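Chemist: Attaching a single structure in structure tokens format; questions to follow.
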Amino acid sequence: MARKSLRLRNRWFWLVIGLLVLCAAAGVSYPVASGRTTPPRLMMGSAEHAVADAREADAAHWAPQSLQDAENQLRSALAEHRRQEVRLLPLRDYRAATRALQLAQDIAQRARDEAVGRREVARQDAEDAIAAASGEVRRSQTFANAMHLGATDHALLQKSKIGLQESSILLEGGDYLDASERAKTTADLARKVSGRAAEAASRYVDRRLVAGWRRMAAETITWSKSTGAKAIVVYKDDHRLTLYDDGGPVRSYPADLGYRAVNDKLRSGDAATPEGKYRVTSRKIHSLYHLALLLDYPNAEDRARFDQLKREGAIPRSAGIGGLIEIHGEGGRGKDWTRGCVALSNPDMEDLFSRVAVGTPVTIVGSDGRGGVFTDLVHKHEAAMSPNR
């Protein structure tokens, strides 16, 4: 009986031992079977690759905070991964490391997307800024082609051209922010040039001045009609000399003017073509400029205004009033180049010379109100400066 009881106890003992072994085996095998002890090597590679992609997209420049967050998260995930590696196999749990690696990958992808998006926006902004600057430079060059620029404005125009080239080089090199800033500075320089030029030309859209010029031209044309004689009207804005006979236009000729024709002549050396009513005082067959018709500038009205401007200090006391204003040949150059005279092409000058006698009235006006080079420039400048363009 005692022997039987001992065998029974032994069976229970070994049964308990077996159960304990089975439980221990199950405790050891379950973490392994559940996968929590498996290192997330694929996720680690994906996270590291995502961070590398973000760096390649220059996120350090375009999305620095997001890149830093991704790098910090990756470092934390790798630290957690290493912490699990040194533990006994059944005790390892890579789930936290896996979640951290996934988060690092997500943040890195977001950093890359931000960098690509911001870089594209910056590139587009730079291209837009360069296009705007190019338009400003072209407009300033148009003014420079149509009218003489002073030394300061000429230097600014040249500087703006260089700035436009520099901004394009920066764009090509991927320095979009610097390219944009350089283009904006360039546009400002060019805008100063065209703004000052437009201000000088604004007299051609001044209603009071235009009304006065139209009246002067009308009076000359009326005189031609009433006397049946010839008369000349020079329209500076239109760069046109028109010969009238018996009040009607006979011929119109393209005319080159003084290289500062945008202004009215005030004194000697200002290179402006005078505005007023004059007469032909001499016909020159032998002239430096083929043929020439000398005008009676300065007349009494010019002298009175000159004296008044001197008294007001508007012109230097040492300045002279000037003279030798002619209608002559060697023109047809398509630009204003004389020192105040009106120049026609030689064939046109020969034709006009054959039709005009000493004493023929010559009226020079800024505009007849129908537009011309200077008026068009002002209107284009106003349109460019309009906030609704």
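Chain labels follow the order of the structure tokens: the first chain is A, the next B, and so on; residue numbering restarts at 1 in every chain, and ligands are counted from 1 in their shown order.
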A:Leu171: which residues within 9 Å, counting only C-alpha atoms, same-chain residues fewer than 4 positions away excluded, as a list in words?
Modeler: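 Non-adjacent residues within range: Arg123, Ala126, Glu127, Ile130, Glu166, Ser167, Asp175, Tyr176, Leu177, Asp178, Ala179 and Ser180 of chain A.
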Chemist: Generate the output file for the selected residues, C-alpha atoms, as a compact mmCIF listing (two decimals), in the first residue's frame.
Modeler:
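Below is the file again_36.txt, written as the result:
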```txt
# COMPACT_ATOMS: atom_id res chain seq x y z
CA ARG A 123 11.43 78.33 -58.14
CA ALA A 126 11.93 83.35 -58.80
CA GLU A 127 10.82 82.79 -62.39
CA ILE A 130 12.70 87.49 -63.20
CA GLU A 166 22.79 87.66 -62.29
CA SER A 167 19.29 86.64 -61.21
CA ASP A 175 19.49 79.55 -55.62
CA TYR A 176 15.84 80.45 -55.98
CA LEU A 177 15.46 82.75 -52.98
CA ASP A 178 18.55 84.78 -53.92
CA ALA A 179 17.42 84.83 -57.55
CA SER A 180 14.04 86.20 -56.53
```
Chemist: Can you write out as CSV which residues of stretch 101-150 of chain A fall within 12 Å of stretch 62-70 of chain A, alongside each residue's closest atom pair and its distance in Å to one decimal, counting only C-alpha atoms and ordering rows by chain and ascending residue number?
Modeler:
```
residue,atom,partner,partner_atom,distance
A:Leu101,CA,A:Ala70,CA,9.6
A:Gln102,CA,A:Ala70,CA,10.4
A:Leu103,CA,A:Ala70,CA,8.0
A:Ala104,CA,A:Ala70,CA,5.0
A:Gln105,CA,A:Ala70,CA,7.2
A:Asp106,CA,A:Ala70,CA,8.0
A:Ile107,CA,A:Ala70,CA,5.1
A:Ala108,CA,A:Ala70,CA,5.0
A:Gln109,CA,A:Ala70,CA,8.7
A:Arg110,CA,A:Ser66,CA,7.3
A:Ala111,CA,A:Ser66,CA,5.0
A:Arg112,CA,A:Ala63,CA,7.7
A:Asp113,CA,A:Ala63,CA,8.9
A:Glu114,CA,A:Ala63,CA,6.0
A:Ala115,CA,A:Trp62,CA,4.7
A:Val116,CA,A:Trp62,CA,7.8
A:Gly117,CA,A:Trp62,CA,8.8
A:Arg118,CA,A:Trp62,CA,6.3
A:Arg119,CA,A:Trp62,CA,6.6
A:Glu120,CA,A:Trp62,CA,10.2
A:Val121,CA,A:Trp62,CA,10.7
A:Ala122,CA,A:Trp62,CA,9.6
A:Arg123,CA,A:Trp62,CA,11.9
```
Chemist: Which residues are close to A:His81, i.e. within 8 Å by only C-alpha atoms, leaving aside same-chain residues fewer than 5 positions away? Reply as a ChimeraX atom specification.
Modeler: /A:39,94,97
Chemist: Please, which residues of stretch 23-271 of chain A, numbered as in this document, come out alpha helix (DSSP H) from DSSP, as an NGL selection string?
Modeler: :A and (23-34 or 41-56 or 59-62 or 64-85 or 95-146 or 151-172 or 176-201 or 207-227)
Chemist: Quick check for you: according to DSSP on this backbone, which residues of stretch 209-376 of chain A are classed as strand (DSSP E)? Reply as a PyMOL selection string.
Modeler: chain A and resi 230-235+240-245+248-254+276-287+290-295+326-328+342-343+361-365
Chemist: Kindly provide the residues of stretch 282-349 of chain A that approach stretch 225-245 of chain A to within 12 Å, each paired with its closest atom pair and their distance in Å to one decimal, based on only C-alpha atoms, listed by chain and increasing number, as a tab-separated table.
Modeler:
```
residue	atom	partner	partner_atom	distance
A:Leu293	CA	A:Ile232	CA	11.6
A:Leu295	CA	A:Ile232	CA	11.6
A:Ile327	CA	A:Leu241	CA	9.7
A:His328	CA	A:Leu241	CA	11.8
A:Gly331	CA	A:His239	CA	11.5
A:Gly332	CA	A:His239	CA	10.7
A:Arg333	CA	A:His239	CA	11.8
A:Gly334	CA	A:His239	CA	9.6
A:Lys335	CA	A:His239	CA	9.5
A:Asp336	CA	A:His239	CA	9.0
A:Gly340	CA	A:Lys236	CA	11.3
A:Cys341	CA	A:Val234	CA	11.1
A:Val342	CA	A:Val234	CA	8.4
A:Ala343	CA	A:Leu241	CA	9.6
A:Leu344	CA	A:Leu241	CA	8.7
A:Ser345	CA	A:Leu241	CA	11.7
A:Asp348	CA	A:Leu241	CA	10.3
A:Met349	CA	A:Leu241	CA	10.7
```
Chemist: Grab the residues selected above and save them as a compact mmCIF listing (two decimals), in the first residue's frame with N, CA, C and O atoms.
Modeler:
```txt
# COMPACT_ATOMS: atom_id res chain seq x y z
N LEU A 293 17.31 124.82 -93.66
CA LEU A 293 16.45 126.01 -93.54
C LEU A 293 16.66 126.56 -92.13
O LEU A 293 16.30 125.91 -91.15
N LEU A 295 16.02 128.82 -88.91
CA LEU A 295 14.85 129.42 -88.26
C LEU A 295 15.28 130.59 -87.39
O LEU A 295 16.45 130.71 -87.00
N ILE A 327 16.07 123.31 -89.90
CA ILE A 327 15.53 122.08 -90.48
C ILE A 327 16.55 121.68 -91.54
O ILE A 327 16.80 122.43 -92.48
N HIS A 328 17.18 120.51 -91.35
CA HIS A 328 18.27 120.15 -92.28
C HIS A 328 18.20 118.67 -92.64
O HIS A 328 17.33 117.91 -92.16
N GLY A 331 19.01 113.24 -91.92
CA GLY A 331 18.15 112.57 -90.95
C GLY A 331 17.75 111.19 -91.44
O GLY A 331 18.47 110.54 -92.19
N GLY A 332 16.59 110.74 -91.00
CA GLY A 332 16.12 109.41 -91.36
C GLY A 332 16.84 108.32 -90.59
O GLY A 332 16.88 107.16 -91.03
N ARG A 333 17.40 108.62 -89.44
CA ARG A 333 18.16 107.63 -88.66
C ARG A 333 17.27 106.83 -87.71
O ARG A 333 17.74 105.89 -87.08
N GLY A 334 16.02 107.25 -87.58
CA GLY A 334 15.12 106.52 -86.71
C GLY A 334 15.35 106.77 -85.24
O GLY A 334 14.88 106.01 -84.39
N LYS A 335 16.08 107.82 -84.90
CA LYS A 335 16.30 108.19 -83.51
C LYS A 335 16.59 109.68 -83.43
O LYS A 335 16.93 110.32 -84.44
N ASP A 336 16.42 110.23 -82.25
CA ASP A 336 16.72 111.64 -82.04
C ASP A 336 18.19 111.81 -81.73
O ASP A 336 18.72 111.19 -80.80
N GLY A 340 19.15 119.93 -81.30
CA GLY A 340 17.96 120.78 -81.19
C GLY A 340 17.30 121.04 -82.52
O GLY A 340 16.18 121.54 -82.58
N CYS A 341 17.98 120.66 -83.61
CA CYS A 341 17.43 120.89 -84.94
C CYS A 341 16.43 119.80 -85.31
O CYS A 341 16.29 118.78 -84.62
N VAL A 342 15.75 120.03 -86.44
CA VAL A 342 14.84 119.05 -87.02
C VAL A 342 15.54 118.48 -88.25
O VAL A 342 15.90 119.24 -89.15
N ALA A 343 15.73 117.16 -88.29
CA ALA A 343 16.49 116.55 -89.39
C ALA A 343 15.59 115.63 -90.20
O ALA A 343 14.89 114.79 -89.65
N LEU A 344 15.63 115.80 -91.54
CA LEU A 344 14.92 114.93 -92.46
C LEU A 344 15.93 114.12 -93.26
O LEU A 344 17.11 114.48 -93.35
N SER A 345 15.48 113.04 -93.84
CA SER A 345 16.36 112.31 -94.76
C SER A 345 16.69 113.23 -95.93
O SER A 345 15.94 114.16 -96.25
N ASP A 348 13.93 113.66 -98.57
CA ASP A 348 12.82 114.46 -98.05
C ASP A 348 13.22 115.92 -97.92
O ASP A 348 12.42 116.83 -98.18
N MET A 349 14.45 116.15 -97.48
CA MET A 349 14.91 117.53 -97.32
C MET A 349 14.98 118.23 -98.68
O MET A 349 14.63 119.41 -98.81
```
Chemist: Rank nothing, just name the residue among A:Thr152, A:Ser268, A:Thr360, A:Gln308 nearest to A:Leu324, using only C-alpha atoms.
Modeler: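 Closest residue, counting only C-alpha atoms: A:Ser268.
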Chemist: Of the residues A:Glu312, A:Glu326, A:Asp128, A:Asp307, which is the one nearest to A:Leu294, using only C-alpha atoms?
Modeler: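 With only C-alpha atoms as the atom set, the closest residue is A:Glu326.
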Chemist: From the options A:Ala50, A:Met147, A:Val210, A:Ile162, which residue's atoms come nearest to A:Asp368, counting only C-alpha atoms?
Modeler: A:Val210
Chemist: Just want the 12 Å neighbourhood of A:His148, counted on only C-alpha atoms, with same-chain residues fewer than 6 positions away dropped. Output as a ChimeraX atom specification.
Modeler: /A:140-142,154,193-194,196-197,200-201,257-263,270-272,335-339,374
Chemist: Considering only C-alpha atoms, can you say which of A:Pro274, A:Val358, A:Asp264, A:Arg75 comes closest to A:Arg203?
Modeler: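 Checking each of A:Pro274, A:Val358, A:Asp264, A:Arg75 against A:Arg203, counting only C-alpha atoms, the winner is A:Asp264.
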